[in-house]
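Text of entry24.cif, listed as mmCIF, C-alpha atoms and all ligand atoms:
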data_work
loop_
_atom_site.label_atom_id
_atom_site.label_comp_id
_atom_site.auth_asym_id
_atom_site.auth_seq_id
_atom_site.Cartn_x
_atom_site.Cartn_y
_atom_site.Cartn_z
CA MET S 12 51.62 183.97 118.72
CA ILE S 13 53.09 180.52 118.60
CA ASN S 14 54.13 179.07 115.25
CA TYR S 15 52.88 175.57 115.89
CA THR S 16 54.14 173.85 112.74
CA GLU S 17 57.60 175.38 113.23
CA ARG S 18 57.66 174.09 116.82
CA ILE S 19 56.71 170.59 115.65
CA SER S 20 59.40 170.74 112.99
CA SER S 21 62.10 171.69 115.56
CA LEU S 22 60.87 168.96 117.90
CA MET S 23 61.10 166.45 115.04
CA GLU S 24 64.69 167.52 114.41
CA ASP S 25 65.49 166.84 118.04
CA ILE S 26 63.73 163.47 117.92
CA VAL S 27 65.61 162.23 114.83
CA ALA S 28 68.87 163.35 116.46
CA ARG S 29 68.15 161.32 119.62
CA VAL S 30 66.27 158.23 118.43
CA PRO S 31 68.64 155.94 116.48
CA LYS S 32 65.85 154.20 114.56
CA LEU S 33 64.80 157.56 113.06
CA SER S 34 68.30 158.98 112.53
CA PHE S 35 68.15 158.31 108.77
CA ILE S 36 65.52 161.04 108.37
CA ASP S 37 66.76 164.28 106.84
CA MET S 38 64.37 166.88 108.22
CA SER S 39 65.36 169.39 105.52
CA ARG S 40 63.42 167.11 103.14
CA VAL S 41 60.34 166.95 105.39
CA LEU S 42 57.78 169.76 105.36
CA VAL S 43 55.38 170.15 108.26
CA PHE S 44 52.12 171.92 107.44
CA ALA S 45 48.74 172.52 109.02
CA ARG S 46 45.32 171.36 107.92
CA ALA S 47 42.00 172.43 109.38
CA GLY S 48 40.53 170.27 112.10
CA ARG S 49 38.10 171.26 114.80
CA THR S 50 38.51 169.67 118.21
CA ASP S 51 34.94 168.40 118.25
CA ALA S 52 35.16 166.86 114.76
CA GLU S 53 36.25 163.37 113.80
CA GLY S 54 39.40 162.77 111.78
CA ALA S 55 43.09 162.04 111.95
CA TYR S 56 45.33 164.17 114.15
CA ALA S 57 48.16 163.96 111.66
CA THR S 58 49.06 162.37 108.32
CA CYS S 59 52.32 161.49 106.59
CA HIS S 60 52.26 162.26 102.84
CA CYS S 61 54.96 160.84 100.59
CA VAL S 62 55.74 163.15 97.66
CA CYS S 63 58.80 161.34 96.31
CA LEU S 64 57.17 158.27 94.76
CA PRO S 65 58.11 157.78 91.11
CA ALA S 66 55.41 158.02 88.44
CA SER S 67 53.14 154.98 88.23
CA GLU S 68 53.18 152.51 85.34
CA PRO S 69 50.94 153.70 82.49
CA GLY S 70 47.38 152.43 82.77
CA TYR S 71 43.80 153.09 81.70
CA TYR S 72 40.32 152.62 83.07
CA PHE S 73 38.04 150.23 81.22
CA TRP S 74 34.43 149.09 81.06
CA ARG S 75 33.28 145.56 80.25
CA ASP S 76 30.06 144.24 78.87
CA ARG S 77 28.43 142.41 81.74
CA THR S 78 27.33 139.39 79.72
CA THR S 79 30.09 138.91 77.15
CA GLY S 80 32.92 140.22 79.33
CA LYS S 81 34.30 142.08 76.32
CA LEU S 82 35.78 145.53 76.69
CA THR S 83 33.33 148.12 75.48
CA ARG S 84 35.37 151.25 76.09
CA ARG S 85 38.46 152.43 77.87
CA SER S 86 40.02 155.71 78.94
CA GLU S 87 43.14 157.27 77.48
CA TRP S 88 46.43 156.02 78.90
CA PHE S 89 47.56 157.90 81.99
CA VAL S 90 50.12 157.87 84.77
CA THR S 91 49.87 159.16 88.32
CA LYS S 92 52.67 161.39 89.57
CA SER S 93 53.82 163.01 92.78
CA PRO S 94 53.75 166.80 92.91
CA GLU S 95 57.12 168.49 93.05
CA ILE S 96 57.80 170.57 96.13
CA ARG S 97 60.92 172.66 96.50
CA ILE S 98 61.78 174.96 99.39
CA GLY S 99 64.66 177.08 98.13
CA THR S 100 66.99 174.58 96.55
CA GLN S 101 65.78 171.72 98.72
CA GLN S 102 63.57 169.02 97.29
CA ILE S 103 60.85 167.89 99.74
CA ASP S 104 60.31 164.11 99.94
CA TYR S 105 57.67 163.90 102.67
CA MET S 106 55.10 166.22 104.15
CA ILE S 107 53.53 165.71 107.55
CA SER S 108 50.27 167.52 108.18
CA PHE S 109 48.66 168.27 111.53
CA ALA S 110 44.98 169.05 112.05
CA LEU S 111 44.77 172.31 113.99
CA PRO S 112 43.54 173.02 116.56
CA ARG S 113 42.40 169.39 117.03
CA PHE S 114 45.93 168.05 117.54
CA CYS S 115 46.54 170.40 120.51
CA ASP S 116 43.60 168.80 122.30
CA GLN S 117 44.65 165.20 121.83
CA MET S 118 44.56 163.50 125.22
CA LEU S 119 46.11 160.32 126.46
CA SER S 120 43.20 159.77 128.82
CA ARG S 121 40.80 159.58 125.87
CA SER S 122 42.84 157.23 123.68
CA ARG S 123 43.76 153.59 123.47
CA LYS S 124 47.40 154.64 123.82
CA GLN S 125 46.76 154.95 127.53
CA VAL S 126 47.71 151.35 128.35
CA HIS S 127 51.20 151.96 126.98
CA TYR S 128 51.85 155.11 128.98
CA GLN S 129 50.67 154.31 132.50
CA GLY S 130 51.21 157.23 134.83
CA GLN S 131 52.52 159.55 132.11
CA PRO S 132 51.08 162.98 131.40
CA ASN S 133 48.31 163.62 128.90
CA TRP S 134 50.52 165.41 126.38
CA ILE S 135 52.60 162.25 125.78
CA ALA S 136 49.80 161.21 123.36
CA LYS S 137 50.87 164.12 121.11
CA LEU S 138 54.50 163.08 121.24
CA ASP S 139 53.36 159.56 120.31
CA THR S 140 51.52 160.96 117.25
CA ILE S 141 54.60 162.93 116.14
CA VAL S 142 56.88 159.89 116.41
CA HIS S 143 54.20 157.77 114.71
CA GLU S 144 54.21 160.03 111.62
CA LEU S 145 58.01 160.07 111.43
CA TYR S 146 58.04 156.29 111.66
CA HIS S 147 55.91 156.11 108.49
CA ILE S 148 58.91 157.36 106.48
CA ASP S 149 60.51 154.39 104.78
CA PRO S 150 64.25 154.07 105.45
CA GLU S 151 64.97 152.00 102.33
CA ARG S 152 63.04 153.38 99.41
CA PRO S 153 60.75 156.29 98.60
CA GLY S 154 57.37 155.64 100.14
CA ILE S 155 55.53 154.76 103.32
CA ARG S 156 57.24 152.16 105.51
CA ARG S 157 55.90 148.66 105.04
CA MET S 158 55.55 146.60 108.17
CA GLU S 159 57.04 143.12 108.07
CA ARG S 160 54.96 140.37 109.64
CA ALA S 161 56.46 137.76 111.95
CA ASP S 162 56.61 135.33 109.01
CA GLY S 163 58.72 137.73 106.95
CA THR S 164 56.00 138.77 104.52
CA TYR S 165 54.77 142.33 104.33
CA SER S 166 51.48 143.41 105.78
CA ALA S 167 49.08 145.16 103.41
CA ASN S 168 48.40 147.56 106.23
CA CYS S 169 51.10 150.14 107.02
CA HIS S 170 50.30 149.77 110.72
CA GLY S 171 49.98 146.62 112.79
CA GLN S 172 50.62 145.94 116.45
CA ARG S 173 54.38 146.06 115.96
CA PHE S 174 54.14 149.55 114.53
CA PHE S 175 52.36 150.90 117.61
CA THR S 176 54.67 149.23 120.13
CA ASP S 177 57.76 150.37 118.18
CA VAL S 178 56.42 153.92 118.44
CA VAL S 179 55.92 153.60 122.21
CA GLU S 180 59.49 152.33 122.53
CA MET S 181 60.85 155.30 120.56
CA VAL S 182 58.81 157.79 122.60
CA GLN S 183 60.23 156.33 125.83
CA GLN S 184 63.70 156.34 124.32
CA TYR S 185 63.41 160.01 123.39
CA VAL S 186 62.13 161.02 126.83
CA ALA S 187 64.94 159.02 128.47
CA THR S 188 67.59 161.13 126.68
CA ASN S 189 66.50 164.13 128.79
CA PRO S 190 65.69 166.50 125.97
CA ASP S 191 65.54 170.23 126.70
CA PRO S 192 61.96 170.92 127.90
CA ALA S 193 61.97 174.11 125.80
CA VAL S 194 61.86 171.88 122.71
CA TYR S 195 58.73 169.95 123.67
CA ASP S 196 56.92 171.87 126.41
CA PHE S 197 54.49 173.47 123.94
CA LEU S 198 52.86 170.01 123.79
CA GLU S 199 51.88 170.35 127.44
CA HIS S 200 49.19 172.92 126.58
CA ASP S 201 45.80 172.27 125.06
CA TYR S 202 44.39 174.79 122.60
CA GLU S 203 42.76 176.95 125.26
CA ALA S 204 45.99 177.16 127.24
CA ILE S 205 47.93 178.01 124.08
CA GLN S 206 45.52 180.87 123.35
CA ALA S 207 45.91 182.18 126.87
CA ARG S 208 49.68 181.85 126.90
CA PHE S 209 50.69 182.86 123.37
CA GLY S 210 47.70 184.95 122.30
CA GLY S 211 47.14 182.85 119.20
CA MET S 212 48.38 180.03 117.07
CA VAL S 213 49.67 180.09 113.50
CA GLY S 214 50.90 177.39 111.18
CA THR S 215 52.32 176.94 107.69
CA THR S 216 49.72 176.07 105.06
CA PHE S 217 49.56 176.05 101.29
CA ARG S 218 48.14 179.12 99.56
CA GLY S 219 45.26 177.07 98.16
CA PHE S 220 44.13 176.09 101.68
CA PRO S 221 42.38 173.81 102.48
CA SER S 222 43.91 172.05 99.46
CA TYR S 223 47.52 170.91 99.45
CA PRO S 224 49.78 169.08 96.98
CA GLN S 225 48.59 165.57 96.18
CA ARG S 226 49.35 162.88 93.65
CA TYR S 227 47.74 163.68 90.32
CA THR S 228 46.79 162.05 87.04
CA GLU S 229 48.49 162.97 83.77
CA VAL S 230 47.29 161.85 80.34
CA LEU S 231 50.17 160.40 78.28
CA THR S 232 51.13 162.32 75.14
CA PRO S 233 51.64 160.80 72.73
CA GLN S 234 49.29 157.93 73.59
CA PRO S 235 50.86 154.48 73.34
CA ASP S 236 49.24 152.05 70.89
CA SER S 237 46.49 150.05 72.50
CA PRO S 238 47.19 146.36 73.04
CA PRO S 239 45.79 144.22 70.15
CA ASP S 240 43.07 142.69 72.33
CA VAL S 241 41.83 146.09 73.47
CA GLU S 242 40.12 147.43 70.38
CA CYS S 243 37.31 149.55 71.68
CA ARG S 244 36.09 153.07 72.03
CA VAL S 245 38.57 155.38 73.74
CA GLU S 246 37.19 158.08 75.99
CA PRO S 247 39.15 161.20 76.79
CA LEU S 248 40.15 161.34 80.44
CA LYS S 249 38.88 164.36 82.30
CA VAL S 250 41.66 165.56 84.55
CA ALA S 251 41.40 168.65 86.68
CA ARG S 252 43.89 171.38 85.92
CA ILE S 253 45.86 171.60 89.12
CA GLU S 254 49.20 172.90 90.33
CA THR S 255 51.83 170.21 90.17
CA ALA S 256 54.90 172.14 91.32
CA PHE S 257 55.19 174.13 94.53
CA THR S 258 57.81 176.35 96.13
CA GLU S 259 58.14 178.42 99.30
CA ASP S 260 56.09 181.09 97.50
CA ASP S 261 53.09 178.76 97.78
CA LEU S 262 53.37 178.65 101.56
CA VAL S 263 51.45 181.07 103.74
CA MET S 264 50.82 181.51 107.44
CA ARG S 265 47.35 180.95 108.79
CA GLU S 266 46.00 181.68 112.20
CA PHE S 267 43.96 178.82 113.63
CA MET S 268 40.94 179.60 115.76
CA PRO S 269 38.54 177.09 117.36
CA THR S 270 36.24 176.71 114.35
CA THR S 271 37.86 178.78 111.62
CA SER S 272 41.20 180.04 110.34
CA ARG S 273 42.47 183.04 108.41
CA GLN S 274 45.47 183.77 106.26
CA LEU S 275 47.91 186.25 107.72
CA VAL S 276 49.11 189.13 105.61
CA ARG S 277 52.71 188.50 104.91
CA LYS S 278 55.14 191.06 106.24
CA GLY S 279 58.32 190.38 104.32
CA ARG S 280 59.40 186.86 103.54
CA PHE S 281 59.15 184.25 106.16
CA CYS S 282 61.33 181.23 106.35
CA ALA S 283 59.44 177.98 105.98
CA ALA S 284 61.71 175.97 108.22
ZN ZN E 1 49.77 156.01 110.79
#
Show me, as C-alpha cells, the structure contained in the file I just sent.
Amino acid sequence: MINYTERISSLMEDIVARVPKLSFIDMSRVLVFARAGRTDAEGAYATCHCVCLPASEPGYYFWRDRTTGKLTRRSEWFVTKSPEIRIGTQQIDYMISFALPRFCDQMLSRSRKQVHYQGQPNWIAKLDTIVHELYHIDPERPGIRRMERADGTYSANCHGQRFFTDVVEMVQQYVATNPDPAVYDFLEHDYEAIQARFGGMVGTTFRGFPSYPQRYTEVLTPQPDSPPDVECRVEPLKVARIETAFTEDDLVMREFMPTTSRQLVRKGRFCAA
C-alpha cells in the first residue's frame, strides 16, 4: 500500500529545497494529514491550517435592543486559541490536509489551471495544489500569507491573481530543476491506478477522524471586570469540551477507499514523518 501523506510530505521537502521562494519553510514543523473526500463530491482538494497563531484578544458576544441600541446581555469573556501539536519534541506550526481519494483524481483538463500549463500532463494540477498550499505559509509571521496588492496595501483575500501566477512560476521552477521522478511520480496515477499498482492507499489522520485539531474558544478565568458602559446580564458561554493538545499518539493510519475509509490496526509504532 502507498502511504500517500508520507509521499506528499517527502515531495514537499524536495520542493522547499529546490524552490528559493519556499526555502524558508521548515518541513519538520509542517504536518501533512488526510481528510475524507470522495472524488464525485464537491470540496477543496487541500487546505493549509495554521496552528501557531497566538491567542486572540479577549472578547465577548453581545446582544442589543433593536430600538434603543442598548446592550441587553453579553457572553462571558473568552479568547480563541490554536491547538498545540507536538510530534516527538517538535512543535508543529502548520498542517496541510488533503482530501482523499479526491485529490488523486484532480485533473488539469477539468480545471481553470489549464491555461497556465499548456501541453503539460494532467498530474501537474496536483503539483500546483501542493505548491499552492505551501505558498500559504507566511514567511514573516505566524499565519497565512497575506497578498500585497499592486498599490502596496494588503488584500483581504489570501489569494488573488498574483498568488495563482506565483504558484505556476514555482511549479515550473521546480520541474526545471530536474527532480528525481521517484519523488513525484506517484502524482501521475489517479486513484484507480494507485489501487491497481499499490493495492491500496493509506494516509495519516487524527484518531478522532473525521475531526482534527482546530482553533478553539476558552472562557477566561478569572473574568475581567466588564467595561463601565457594559452593565448587563452576563450569560455563561457554552464551549464544547475538546482536545486542545495533540501528539504523535493521536495520529493513526487510515486506508482510503472510494467512498469510505477505515482505521488500520497499529502494528508497533509508526513514524509520522
Ligand atoms: Zn488557497
(Q) Taking 6 positions as the minimum chain separation for residues in the same chain, which residues sit within 10 Å of S:Asp201 when counting all atoms listed in the file? Answer as a PyMOL selection string. (A) chain S and resi 112-118+133-134
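Our summary of the geometry notes that atom CA of S:Leu22 is positioned 26.1 Å from atom CA of S:Pro94.
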Q: Using only C-alpha atoms and all ligand atoms, find each protein or nucleic acid residue lying at most 7 Å from ligand ZN 1 (chain E); present the set as a ChimeraX atom specification.
A: /S:58,143-144,147,170
Q.
So that I can see what lies close to S:Phe267, please list as a ChimeraX atom specification the residues with an atom at most 7 Å from it, counting all atoms listed in the file and leaving out residues fewer than 4 positions away in the same chain.
A. /S:111-112,212-213,271-273
Q: Considering all atoms listed in the file, return as a PyMOL selection string whatever protein or nucleic-acid residues lie within 8 Å of S:Phe257, sequence-local ones (same chain, fewer than 4 positions apart) excluded.
A: chain S and resi 94-97+224+261
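Our summary of the geometry notes that atom CA of S:Phe73 is positioned 12.9 Å from atom CA of S:Pro238.
Residue nearest S:Ser108, chosen from S:Ala193, S:Cys59, S:Val245, S:Val276 and counting only C-alpha atoms: S:Cys59.
Atom CA of S:Arg152 sits 8.9 Å away from atom CA of S:Leu64.
Near S:Ile135, within a cut-off of 7 Å and counting all atoms listed in the file, sit the residues Leu119, Gln131 and Asp139 of chain S, with same-chain residues fewer than 4 positions away left out.
Taking only C-alpha atoms into account, S:Ser86 lies nearest to S:Arg244 out of the set S:Arg123, S:His200, S:Arg244, S:Arg252.
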Q | Exercise: S:Ser120 partners within 9 Å, all atoms listed in the file, chain neighbours under 5 positions left out, as an MDAnalysis selection string | A | chainID S and resid 125 132:133 136
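Distance annotation: of S:Arg208, S:Phe217, S:Glu17, S:Thr91, the residue with the minimal separation from S:Val194 is S:Glu17; atom set is all atoms listed in the file.
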